[in-house]
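Here is the structure we will look at, set down as structure tokens.
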Amino acid sequence: MNSPVSLGIDLGTSELKAILMDTSGAVLAHAGVRLSVSRRHSGWSEQAPQDWWQACLQALAQLSQHQAFARVACIGLSGQMHGAVLLGDDNRVLYPAILWDDSRAVAEAEQLGPAFADVTGSLPMAGLTAPKLLWLQRHEPDVFKAIDCVLSPKDYLRLRLSGERVSDMSDAAGTLWLDVAQREWFTPMLRATGLRPAQMPRLVEGVAASACVTLSGLGLPLGAVIAGGGGDNPVAAVGMGAINAGDAFITLGTSAAIVAITDHAAGQPSSAVHSFCHALPERWYTMGAMLAGASCLRWVTRLTGTADEQALLDQVQAQLPITQAVALNTPLFLPYLAGERTPHNDPLLRGGFMNLGHDCTPAMLGYAVMEGVGFGLLDALRAVQSAGARVDACALVGGGARSEYWAQLLANILQREIYTLHGSELSACIGAAKLGFLAMGQGAQLLAQGMPVKARYLPNMAQRSVLEARYAQFRGLLSAAKTVRG
């Protein structure tokens, strides 16, 4: 057996994952290394790129124990989007990487304004990359002057593997510096943030050969092709087989998003709906994003002193069975623990409970949190539809997809079939590995290969009226939340 193997690496916010995959799409081995986030000031979120590289080395060491590691012929990369990795002319990292959920650049995002939003596919937002650079220019001028190149997170791993400064269309679309329709750097927005095109990495499509491994001592063959790769959402879409217009999925991880594949750039910046390039050529996706998703459930688990999330879910199912409509006066939750993106574009908006009483139990709070995230996704879904994207049945992926209760609740709220997938926690790794094969001219048949369906959840029409009434109450609380924002 000397058939080639693809190494798929996904650099998440909380974990770096990596897999070995063969040409049939079978995952032969996988590894994971946890990562931590530094929050040295309120609203800040940073990681050290060196920690990503060390995590990558640890994952490679784990995978090297598997006999298939010797057959690695190509590499695909996926990663958290919107982060800013600042390099000097010697490729030294100048400053901690500012991450997607960092809100320090609120004023700078407002300063950039909406003038280029139709070209860049999004309104300027604190979480996107461009405003972060304007913040650095203002608050860290010496760092800013030393910048020779700005990379997205996963592209730093490519740099360490190959010495090449390269990015792909999908990650570049998340910076606000890309002309999303034309798939090329957009000089007016670069100038607006004090940068020049020469400070941007070379761009390739996600399926293209971007570089080759030149670093020895890793056990990887020198010259192994590294695909362009992409941002985590589009690469996960490749992993799931969401490659054609009308395909859609919901990610329910630390953050949450609803993603609809399109065959043209279709955003609506005024509602904070993004239009980004897919990791595949001549494909785009429209996305409504929430800044807090399953992390809300982790938070309320800690808040209530419950042992773990599953224990809280068990309590919810026992007290508020998913087969029955909840009482109209059950507590409500606004899921804005980290601000909100679609459709409110307000990083300073904050969450809250309403309608609490002496009889309120941890289970009621747990239910309210899951429902509140669902209502936030309904806001995002409506915004995505208003941009012209079609959303039919949705795959559900991310940590939240492990809860059958939450999956059924989402089907009820969104009035759509929701289905979960076997192996979806590795979808971004699998997508990256597919792109690796494509970059070496193999694996075209893998693109149409989705993941096996685990379970399907159809809307319970008997609960529709209660959920619609509660959604109206949820929407009514927004004005109050805005009056007490930070």
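Chain identifiers are assigned as A, B, and so on, following the order in which chains appear in the structure tokens; residues are numbered from 1 within each chain, and ligands are numbered from 1 in order of appearance.
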Would you mind listing, for every residue of range 163-237 of chain A within 10 Å of range 284-307 of chain A, the two atoms forming the shortest contact and the distance between them in Å to one decimal, using only C-alpha atoms, sorted by chain and ascending residue number, as CSV?
```
residue,atom,partner,partner_atom,distance
A:Met169,CA,A:Trp284,CA,9.9
A:Ser170,CA,A:Trp284,CA,8.5
A:Ala173,CA,A:Trp284,CA,9.9
A:Val180,CA,A:Trp284,CA,8.6
A:Ala181,CA,A:Trp284,CA,8.7
A:Asn233,CA,A:Met287,CA,9.5
A:Pro234,CA,A:Tyr285,CA,7.9
A:Ala237,CA,A:Tyr285,CA,9.8
```
Q: Please identify all polymer residues within 10 Å of Ala146 in chain A, counting only C-alpha atoms, omitting same-chain residues fewer than 4 positions from it, and present them as a list in words.
A: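 Near neighbours after the sequence-gap exclusion: Leu86, Leu87, Gly88, Asp89, Leu94, Pro141 and Asp142 of chain A.
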**Q.** Every residue of range 26-134 of chain A that DSSP places in helix (DSSP H, G or I), as a VMD selection string
**A.** chain A and resid 49 to 63 67 to 71 106 to 112 117 to 120 129 to 134
With N, CA and C atoms retained, could you export that selection as a CSV table (one decimal), in the first residue's frame?
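So selection_2.csv came out as:
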```
chain,number,residue,atom,x,y,z
A,49,PRO,N,1.4,33.4,17.8
A,49,PRO,CA,1.6,32.5,16.6
A,49,PRO,C,2.5,31.3,16.9
A,50,GLN,N,3.6,31.6,17.7
A,50,GLN,CA,4.5,30.6,18.1
A,50,GLN,C,3.8,29.4,18.8
A,51,ASP,N,2.8,29.7,19.5
A,51,ASP,CA,2.0,28.6,20.2
A,51,ASP,C,1.3,27.7,19.2
A,52,TRP,N,0.8,28.4,18.1
A,52,TRP,CA,0.2,27.6,17.0
A,52,TRP,C,1.2,26.6,16.4
A,53,TRP,N,2.4,27.1,16.2
A,53,TRP,CA,3.4,26.3,15.6
A,53,TRP,C,3.8,25.1,16.5
A,54,GLN,N,3.9,25.4,17.8
A,54,GLN,CA,4.3,24.4,18.7
A,54,GLN,C,3.1,23.3,18.8
A,55,ALA,N,1.9,23.8,18.7
A,55,ALA,CA,0.8,22.8,18.7
A,55,ALA,C,0.8,22.0,17.4
A,56,CYS,N,1.2,22.6,16.3
A,56,CYS,CA,1.3,21.9,15.0
A,56,CYS,C,2.4,20.8,15.1
A,57,LEU,N,3.5,21.2,15.7
A,57,LEU,CA,4.6,20.2,15.9
A,57,LEU,C,4.1,19.0,16.8
A,58,GLN,N,3.4,19.4,17.9
A,58,GLN,CA,2.9,18.3,18.7
A,58,GLN,C,1.9,17.4,18.0
A,59,ALA,N,1.0,18.0,17.2
A,59,ALA,CA,0.1,17.2,16.4
A,59,ALA,C,0.8,16.3,15.4
A,60,LEU,N,1.8,16.8,14.8
A,60,LEU,CA,2.6,16.0,13.8
A,60,LEU,C,3.3,14.9,14.5
A,61,ALA,N,3.8,15.1,15.7
A,61,ALA,CA,4.5,14.1,16.5
A,61,ALA,C,3.5,13.0,16.9
A,62,GLN,N,2.2,13.3,17.2
A,62,GLN,CA,1.2,12.3,17.5
A,62,GLN,C,0.9,11.5,16.2
A,63,LEU,N,0.7,12.2,15.1
A,63,LEU,CA,0.4,11.5,13.8
A,63,LEU,C,1.6,10.6,13.3
A,67,GLN,N,1.5,4.5,10.9
A,67,GLN,CA,2.3,4.1,9.7
A,67,GLN,C,2.0,4.9,8.4
A,68,ALA,N,0.8,5.4,8.3
A,68,ALA,CA,0.4,6.2,7.1
A,68,ALA,C,1.1,7.5,7.1
A,69,PHE,N,1.7,8.0,8.2
A,69,PHE,CA,2.4,9.3,8.1
A,69,PHE,C,3.5,9.3,7.1
A,70,ALA,N,4.1,8.1,6.9
A,70,ALA,CA,5.3,8.0,6.0
A,70,ALA,C,4.8,8.2,4.5
A,71,ARG,N,3.5,8.2,4.3
A,71,ARG,CA,3.0,8.3,2.9
A,71,ARG,C,2.4,9.7,2.6
A,106,VAL,N,-13.4,49.0,17.6
A,106,VAL,CA,-14.7,49.4,17.4
A,106,VAL,C,-14.7,50.8,16.7
A,107,ALA,N,-14.0,51.7,17.3
A,107,ALA,CA,-13.9,53.1,16.7
A,107,ALA,C,-13.3,53.1,15.3
A,108,GLU,N,-12.3,52.3,15.1
A,108,GLU,CA,-11.6,52.2,13.8
A,108,GLU,C,-12.6,51.7,12.8
A,109,ALA,N,-13.4,50.7,13.1
A,109,ALA,CA,-14.3,50.1,12.2
A,109,ALA,C,-15.3,51.2,11.8
A,110,GLU,N,-15.8,52.0,12.8
A,110,GLU,CA,-16.7,53.1,12.4
A,110,GLU,C,-16.1,54.1,11.6
A,111,GLN,N,-14.8,54.4,11.8
A,111,GLN,CA,-14.0,55.4,11.0
A,111,GLN,C,-13.9,54.9,9.6
A,112,LEU,N,-13.7,53.6,9.3
A,112,LEU,CA,-13.6,53.2,7.9
A,112,LEU,C,-14.9,53.3,7.2
A,117,ALA,N,-18.1,48.7,1.3
A,117,ALA,CA,-18.7,47.4,1.7
A,117,ALA,C,-19.2,46.6,0.6
A,118,ASP,N,-19.7,47.2,-0.5
A,118,ASP,CA,-20.2,46.3,-1.6
A,118,ASP,C,-19.1,45.6,-2.3
A,119,VAL,N,-17.9,46.2,-2.3
A,119,VAL,CA,-16.7,45.6,-2.9
A,119,VAL,C,-16.1,44.5,-2.0
A,120,THR,N,-16.0,44.8,-0.7
A,120,THR,CA,-15.3,43.9,0.2
A,120,THR,C,-16.2,42.9,0.8
A,129,THR,N,-10.2,41.9,10.0
A,129,THR,CA,-8.8,42.2,10.1
A,129,THR,C,-8.5,43.7,9.9
A,130,ALA,N,-9.0,44.3,8.9
A,130,ALA,CA,-8.6,45.7,8.5
A,130,ALA,C,-8.7,46.7,9.7
A,131,PRO,N,-9.8,46.8,10.4
A,131,PRO,CA,-9.8,47.8,11.5
A,131,PRO,C,-8.8,47.6,12.6
A,132,LYS,N,-8.4,46.3,12.8
A,132,LYS,CA,-7.3,46.0,13.7
A,132,LYS,C,-6.0,46.7,13.4
A,133,LEU,N,-5.7,46.8,12.1
A,133,LEU,CA,-4.5,47.5,11.6
A,133,LEU,C,-4.6,49.0,11.8
A,134,LEU,N,-5.8,49.5,11.6
A,134,LEU,CA,-5.9,51.0,11.9
A,134,LEU,C,-5.7,51.2,13.4
```
Q: Tell me which protein, DNA and RNA residues are within 12 Å of Ser424 in chain A, counting only C-alpha atoms, leaving out same-chain ones fewer than 5 positions away, and put them as a list in words.
A: Ala236, Ala237, Val238, Gly239, Met240, Gly241, Phe249, Ile250, Thr251, Leu252, Gly253, Ala395, Leu396, Val397, Gly398, Gly399, Gly400, Ala401, Arg402, Tyr419, Cys429, Ile430, Gly431, Gly450, Met451, Pro452, Val453 and Lys454 of chain A
Output the selection as a PDB file, in the first residue's frame - N, CA and C atoms for each residue.
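Saved result, out27.pdb, follows:
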```
ATOM      1  N   ALA A 236     -14.572  23.716   6.069  1.00  0.00           N
ATOM      2  CA  ALA A 236     -15.521  22.755   6.633  1.00  0.00           C
ATOM      3  C   ALA A 236     -16.611  22.435   5.617  1.00  0.00           C
ATOM      4  N   ALA A 237     -17.028  23.439   4.843  1.00  0.00           N
ATOM      5  CA  ALA A 237     -18.029  23.208   3.791  1.00  0.00           C
ATOM      6  C   ALA A 237     -17.517  22.202   2.768  1.00  0.00           C
ATOM      7  N   VAL A 238     -16.259  22.319   2.392  1.00  0.00           N
ATOM      8  CA  VAL A 238     -15.656  21.347   1.471  1.00  0.00           C
ATOM      9  C   VAL A 238     -15.666  19.961   2.110  1.00  0.00           C
ATOM     10  N   GLY A 239     -15.367  19.897   3.395  1.00  0.00           N
ATOM     11  CA  GLY A 239     -15.383  18.616   4.097  1.00  0.00           C
ATOM     12  C   GLY A 239     -16.752  17.973   4.100  1.00  0.00           C
ATOM     13  N   MET A 240     -17.791  18.789   4.261  1.00  0.00           N
ATOM     14  CA  MET A 240     -19.168  18.279   4.317  1.00  0.00           C
ATOM     15  C   MET A 240     -19.770  18.024   2.944  1.00  0.00           C
ATOM     16  N   GLY A 241     -19.134  18.526   1.902  1.00  0.00           N
ATOM     17  CA  GLY A 241     -19.714  18.417   0.568  1.00  0.00           C
ATOM     18  C   GLY A 241     -20.646  19.565   0.233  1.00  0.00           C
ATOM     19  N   PHE A 249     -25.358  25.210   5.848  1.00  0.00           N
ATOM     20  CA  PHE A 249     -25.069  24.552   7.117  1.00  0.00           C
ATOM     21  C   PHE A 249     -24.993  25.590   8.231  1.00  0.00           C
ATOM     22  N   ILE A 250     -25.144  25.099   9.446  1.00  0.00           N
ATOM     23  CA  ILE A 250     -25.045  25.923  10.647  1.00  0.00           C
ATOM     24  C   ILE A 250     -23.869  25.409  11.461  1.00  0.00           C
ATOM     25  N   THR A 251     -22.989  26.310  11.850  1.00  0.00           N
ATOM     26  CA  THR A 251     -21.921  25.936  12.772  1.00  0.00           C
ATOM     27  C   THR A 251     -22.312  26.419  14.157  1.00  0.00           C
ATOM     28  N   LEU A 252     -22.178  25.536  15.131  1.00  0.00           N
ATOM     29  CA  LEU A 252     -22.539  25.858  16.504  1.00  0.00           C
ATOM     30  C   LEU A 252     -21.355  25.492  17.389  1.00  0.00           C
ATOM     31  N   GLY A 253     -20.335  26.355  17.306  1.00  0.00           N
ATOM     32  CA  GLY A 253     -19.142  26.165  18.120  1.00  0.00           C
ATOM     33  C   GLY A 253     -19.031  27.319  19.098  1.00  0.00           C
ATOM     34  N   ALA A 395     -27.298  21.340   7.421  1.00  0.00           N
ATOM     35  CA  ALA A 395     -26.475  20.484   8.277  1.00  0.00           C
ATOM     36  C   ALA A 395     -26.117  21.271   9.528  1.00  0.00           C
ATOM     37  N   LEU A 396     -25.964  20.589  10.650  1.00  0.00           N
ATOM     38  CA  LEU A 396     -25.574  21.217  11.904  1.00  0.00           C
ATOM     39  C   LEU A 396     -24.244  20.628  12.339  1.00  0.00           C
ATOM     40  N   VAL A 397     -23.230  21.487  12.502  1.00  0.00           N
ATOM     41  CA  VAL A 397     -21.892  21.022  12.878  1.00  0.00           C
ATOM     42  C   VAL A 397     -21.370  21.861  14.041  1.00  0.00           C
ATOM     43  N   GLY A 398     -20.276  21.415  14.632  1.00  0.00           N
ATOM     44  CA  GLY A 398     -19.712  22.092  15.783  1.00  0.00           C
ATOM     45  C   GLY A 398     -20.097  21.376  17.066  1.00  0.00           C
ATOM     46  N   GLY A 399     -19.534  21.825  18.177  1.00  0.00           N
ATOM     47  CA  GLY A 399     -19.765  21.156  19.454  1.00  0.00           C
ATOM     48  C   GLY A 399     -21.229  21.068  19.831  1.00  0.00           C
ATOM     49  N   GLY A 400     -22.015  22.097  19.470  1.00  0.00           N
ATOM     50  CA  GLY A 400     -23.442  22.103  19.796  1.00  0.00           C
ATOM     51  C   GLY A 400     -24.222  21.020  19.095  1.00  0.00           C
ATOM     52  N   ALA A 401     -23.667  20.496  18.004  1.00  0.00           N
ATOM     53  CA  ALA A 401     -24.359  19.454  17.239  1.00  0.00           C
ATOM     54  C   ALA A 401     -24.431  18.134  18.003  1.00  0.00           C
ATOM     55  N   ARG A 402     -23.683  18.009  19.088  1.00  0.00           N
ATOM     56  CA  ARG A 402     -23.734  16.773  19.878  1.00  0.00           C
ATOM     57  C   ARG A 402     -25.045  16.645  20.648  1.00  0.00           C
ATOM     58  N   TYR A 419     -30.029  18.448   9.988  1.00  0.00           N
ATOM     59  CA  TYR A 419     -29.457  17.101  10.062  1.00  0.00           C
ATOM     60  C   TYR A 419     -28.017  17.179  10.557  1.00  0.00           C
ATOM     61  N   CYS A 429     -10.808  19.672   9.005  1.00  0.00           N
ATOM     62  CA  CYS A 429      -9.611  18.866   8.704  1.00  0.00           C
ATOM     63  C   CYS A 429      -9.806  18.065   7.424  1.00  0.00           C
ATOM     64  N   ILE A 430     -10.999  17.463   7.292  1.00  0.00           N
ATOM     65  CA  ILE A 430     -11.287  16.655   6.105  1.00  0.00           C
ATOM     66  C   ILE A 430     -11.304  17.526   4.859  1.00  0.00           C
ATOM     67  N   GLY A 431     -11.935  18.707   4.961  1.00  0.00           N
ATOM     68  CA  GLY A 431     -11.930  19.634   3.831  1.00  0.00           C
ATOM     69  C   GLY A 431     -10.521  20.038   3.454  1.00  0.00           C
ATOM     70  N   GLY A 450     -19.931  13.802   0.465  1.00  0.00           N
ATOM     71  CA  GLY A 450     -20.264  14.442   1.734  1.00  0.00           C
ATOM     72  C   GLY A 450     -19.939  13.522   2.896  1.00  0.00           C
ATOM     73  N   MET A 451     -20.575  13.763   4.009  1.00  0.00           N
ATOM     74  CA  MET A 451     -20.395  12.927   5.182  1.00  0.00           C
ATOM     75  C   MET A 451     -21.687  12.183   5.459  1.00  0.00           C
ATOM     76  N   PRO A 452     -21.620  10.989   6.010  1.00  0.00           N
ATOM     77  CA  PRO A 452     -22.845  10.235   6.282  1.00  0.00           C
ATOM     78  C   PRO A 452     -23.737  10.948   7.301  1.00  0.00           C
ATOM     79  N   VAL A 453     -25.046  10.968   7.011  1.00  0.00           N
ATOM     80  CA  VAL A 453     -25.995  11.633   7.902  1.00  0.00           C
ATOM     81  C   VAL A 453     -26.169  10.803   9.171  1.00  0.00           C
ATOM     82  N   LYS A 454     -26.092  11.462  10.308  1.00  0.00           N
ATOM     83  CA  LYS A 454     -26.234  10.811  11.606  1.00  0.00           C
ATOM     84  C   LYS A 454     -27.707  10.772  12.021  1.00  0.00           C
TER      85      LYS A 454
END
```
Q | Residues flagged strand (DSSP E or B) by DSSP in range 329-422 of chain A, as a PyMOL selection string | A | chain A and resi 332-334+337+339-340+346+352-354+394-397+418-421
Q: Measuring atom to atom with only C-alpha atoms, identify which of A:Ala272, A:Val143, A:Ile9, A:Val33 is nearest to Arg158 in chain A.
A: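 Distance minimum relative to Arg158 in chain A lands on A:Ile9.
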**Q.** Polymer residues at most 12 Å from Ala318 in chain A, only C-alpha atoms, same-chain spacing of 6 or more positions, as a list in words
**A.**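 Listing them by chain and then by number gives Ala311, Leu312, Gln324, Thr361, Pro362, Ala363, Met364, Gly366, Tyr367 and Tyr405 of chain A.
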Q: Write out as a ChimeraX atom specification each polymer residue whose atoms come within 10 Å of range 215-224 of chain A, counting only C-alpha atoms; drop sequence neighbours fewer than 6 positions from it.
A: /A:6-7,57,60-61,64,69-75,159-163,209,436,440
Go ahead and save the residues from that selection, with C-alpha atoms, as a PDB file, in the first residue's frame.
```
ATOM      1  CA  SER A   6      -3.078  13.949   2.679  1.00  0.00           C
ATOM      2  CA  LEU A   7      -2.367  15.778   5.927  1.00  0.00           C
ATOM      3  CA  LEU A  57       4.581  20.183  15.903  1.00  0.00           C
ATOM      4  CA  LEU A  60       2.607  16.010  13.806  1.00  0.00           C
ATOM      5  CA  ALA A  61       4.453  14.082  16.519  1.00  0.00           C
ATOM      6  CA  SER A  64       3.935  10.271  13.145  1.00  0.00           C
ATOM      7  CA  PHE A  69       2.420   9.257   8.147  1.00  0.00           C
ATOM      8  CA  ALA A  70       5.262   8.029   5.958  1.00  0.00           C
ATOM      9  CA  ARG A  71       2.956   8.301   2.919  1.00  0.00           C
ATOM     10  CA  VAL A  72       2.030  11.981   3.368  1.00  0.00           C
ATOM     11  CA  ALA A  73       2.293  13.554  -0.093  1.00  0.00           C
ATOM     12  CA  CYS A  74       0.354  16.795   0.369  1.00  0.00           C
ATOM     13  CA  ILE A  75      -0.962  19.175   3.016  1.00  0.00           C
ATOM     14  CA  LEU A 159       5.152  30.135   6.371  1.00  0.00           C
ATOM     15  CA  ARG A 160       6.844  27.926   8.965  1.00  0.00           C
ATOM     16  CA  LEU A 161       6.515  24.822   6.777  1.00  0.00           C
ATOM     17  CA  SER A 162       7.628  26.413   3.514  1.00  0.00           C
ATOM     18  CA  GLY A 163       9.060  29.884   4.054  1.00  0.00           C
ATOM     19  CA  ALA A 209      -0.561  24.385  -5.051  1.00  0.00           C
ATOM     20  CA  GLY A 436      -4.389  18.936  -0.370  1.00  0.00           C
ATOM     21  CA  MET A 440      -1.541  17.712  -6.409  1.00  0.00           C
TER      22      MET A 440
END
```
Q) Could you work out how far CA of Leu477 in chain A lies from CA of His344 in chain A, giving the answer in Å with one decimal? A) 13.3 Å
Closest-contact table, range 223-256 of chain A side, partner range 164-167 of chain A, 10 Å, counting only C-alpha atoms, as CSV:
```
residue,atom,partner,partner_atom,distance
A:Ala227,CA,A:Ser167,CA,10.0
A:Gly228,CA,A:Ser167,CA,6.6
A:Gly229,CA,A:Ser167,CA,8.1
A:Gly230,CA,A:Ser167,CA,8.0
A:Gly231,CA,A:Ser167,CA,9.9
```
Emit the selected residues as a PDB file, in the first residue's frame, including C-alpha atoms.
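Resulting contents of result11.pdb:
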```
ATOM      1  CA  ALA A 227      -2.662  23.594  -0.937  1.00  0.00           C
ATOM      2  CA  GLY A 228      -3.956  27.147  -0.706  1.00  0.00           C
ATOM      3  CA  GLY A 229      -6.440  25.937   1.898  1.00  0.00           C
ATOM      4  CA  GLY A 230      -8.933  28.345   3.418  1.00  0.00           C
ATOM      5  CA  GLY A 231     -10.839  29.757   6.352  1.00  0.00           C
TER       6      GLY A 231
END
```
Q: Do a neighbour search on Ser45 in chain A at 8 Å with only C-alpha atoms, toss out local chain neighbours closer than 6 positions, and write the hits as a list of chain:residue names.
A: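 Neighbouring residues, sequence-local ones excluded: A:Val37, A:Ser38, A:Arg39, A:Ile98, A:Leu99, A:Trp100, A:Asp101, A:Asp102, A:Ser103.
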Could you dump the residues just selected with N, CA and C atoms as a short mmCIF file (atom, residue, chain, number, x, y, z; two decimals), in the first residue's frame?
```cif
data_model
loop_
_atom_site.label_atom_id
_atom_site.label_comp_id
_atom_site.auth_asym_id
_atom_site.auth_seq_id
_atom_site.Cartn_x
_atom_site.Cartn_y
_atom_site.Cartn_z
N VAL A 37 -6.41 31.24 24.97
CA VAL A 37 -6.54 32.60 24.47
C VAL A 37 -6.16 33.56 25.58
N SER A 38 -5.39 34.59 25.25
CA SER A 38 -5.02 35.63 26.22
C SER A 38 -6.01 36.78 26.12
N ARG A 39 -6.53 37.21 27.25
CA ARG A 39 -7.46 38.35 27.29
C ARG A 39 -6.92 39.37 28.30
N ILE A 98 -4.01 39.27 16.86
CA ILE A 98 -5.30 39.78 17.33
C ILE A 98 -6.38 38.95 16.65
N LEU A 99 -7.27 38.33 17.43
CA LEU A 99 -8.19 37.31 16.93
C LEU A 99 -9.54 37.87 16.49
N TRP A 100 -10.33 36.99 15.93
CA TRP A 100 -11.63 37.31 15.35
C TRP A 100 -12.61 37.90 16.35
N ASP A 101 -12.51 37.50 17.63
CA ASP A 101 -13.49 37.97 18.62
C ASP A 101 -12.95 39.11 19.47
N ASP A 102 -11.90 39.77 18.99
CA ASP A 102 -11.33 40.93 19.67
C ASP A 102 -12.12 42.17 19.26
N SER A 103 -12.50 42.99 20.25
CA SER A 103 -13.37 44.14 19.95
C SER A 103 -12.70 45.49 20.20
#
```
Q: Please measure the separation of CA of Gly476 in chain A and CA of Pro124 in chain A, giving the value in Å to one decimal.
A: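 Between these atoms lies a distance of 26.4 Å.
Taking only C-alpha atoms into account, Ala279 in chain A lies nearest to A:Leu447 out of the set A:Val27, A:Cys394, A:Ile413, A:Leu447.
Atom to atom, CA of Leu11 in chain A and CA of Gly174 in chain A stand 15.6 Å apart.
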Q) Which is closest to Lys17 in chain A among A:Met354, A:Leu35, A:Leu446, A:Met125, if we use only C-alpha atoms? A) A:Leu35
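With only C-alpha atoms as the atoms that count, the minimum distance from Pro201 in chain A to the choices A:Trp44, A:Trp177, A:Phe144, A:Trp135 is reached by A:Trp177.
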Can you tell me which residues surround Ile261 in chain A at a distance of at most 8 Å, considering only C-alpha atoms, apart from same-chain residues fewer than 4 positions away, and format the answer as an mmCIF file with N, CA and C atoms, in the first residue's frame?
```cif
data_model
loop_
_atom_site.group_PDB
_atom_site.id
_atom_site.type_symbol
_atom_site.label_atom_id
_atom_site.label_comp_id
_atom_site.auth_asym_id
_atom_site.auth_seq_id
_atom_site.Cartn_x
_atom_site.Cartn_y
_atom_site.Cartn_z
ATOM 1 N N ALA A 242 -20.578 20.667 0.984
ATOM 2 C CA ALA A 242 -21.399 21.855 0.698
ATOM 3 C C ALA A 242 -20.659 22.714 -0.317
ATOM 4 N N ILE A 243 -20.868 22.374 -1.590
ATOM 5 C CA ILE A 243 -20.060 22.998 -2.640
ATOM 6 C C ILE A 243 -20.896 23.658 -3.723
ATOM 7 N N ASN A 244 -22.228 23.482 -3.682
ATOM 8 C CA ASN A 244 -23.082 24.027 -4.739
ATOM 9 C C ASN A 244 -24.077 25.036 -4.179
ATOM 10 N N ALA A 245 -24.518 25.949 -5.026
ATOM 11 C CA ALA A 245 -25.498 26.953 -4.619
ATOM 12 C C ALA A 245 -26.722 26.261 -4.016
ATOM 13 N N GLY A 246 -27.186 26.761 -2.871
ATOM 14 C CA GLY A 246 -28.325 26.172 -2.177
ATOM 15 C C GLY A 246 -27.936 25.273 -1.030
ATOM 16 N N ASP A 247 -26.707 24.739 -1.058
ATOM 17 C CA ASP A 247 -26.216 23.961 0.090
ATOM 18 C C ASP A 247 -26.057 24.917 1.274
ATOM 19 N N ALA A 248 -26.398 24.469 2.477
ATOM 20 C CA ALA A 248 -26.319 25.342 3.647
ATOM 21 C C ALA A 248 -25.969 24.533 4.886
ATOM 22 N N HIS A 278 -15.612 31.287 -1.456
ATOM 23 C CA HIS A 278 -15.493 29.897 -1.021
ATOM 24 C C HIS A 278 -14.038 29.469 -1.195
ATOM 25 N N ARG A 283 -16.899 30.047 -6.643
ATOM 26 C CA ARG A 283 -17.923 29.800 -5.640
ATOM 27 C C ARG A 283 -17.755 30.830 -4.521
ATOM 28 N N TRP A 284 -18.882 31.224 -3.940
ATOM 29 C CA TRP A 284 -18.881 32.159 -2.820
ATOM 30 C C TRP A 284 -19.813 31.599 -1.743
ATOM 31 N N TYR A 285 -19.889 32.267 -0.625
ATOM 32 C CA TYR A 285 -20.912 31.905 0.352
ATOM 33 C C TYR A 285 -21.383 33.165 1.075
ATOM 34 N N THR A 286 -22.646 33.130 1.435
ATOM 35 C CA THR A 286 -23.261 34.213 2.192
ATOM 36 C C THR A 286 -23.397 33.728 3.628
ATOM 37 N N ALA A 389 -29.750 34.741 -0.820
ATOM 38 C CA ALA A 389 -29.270 33.357 -0.753
ATOM 39 C C ALA A 389 -30.431 32.418 -0.442
#
```
Q | Shortest interatomic distance to Glu371 in chain A - which of A:Leu136, A:Val273, A:Leu332, A:Val391, counting only C-alpha atoms | A |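 That would be A:Leu332, the residue with the smallest distance to Glu371 in chain A.
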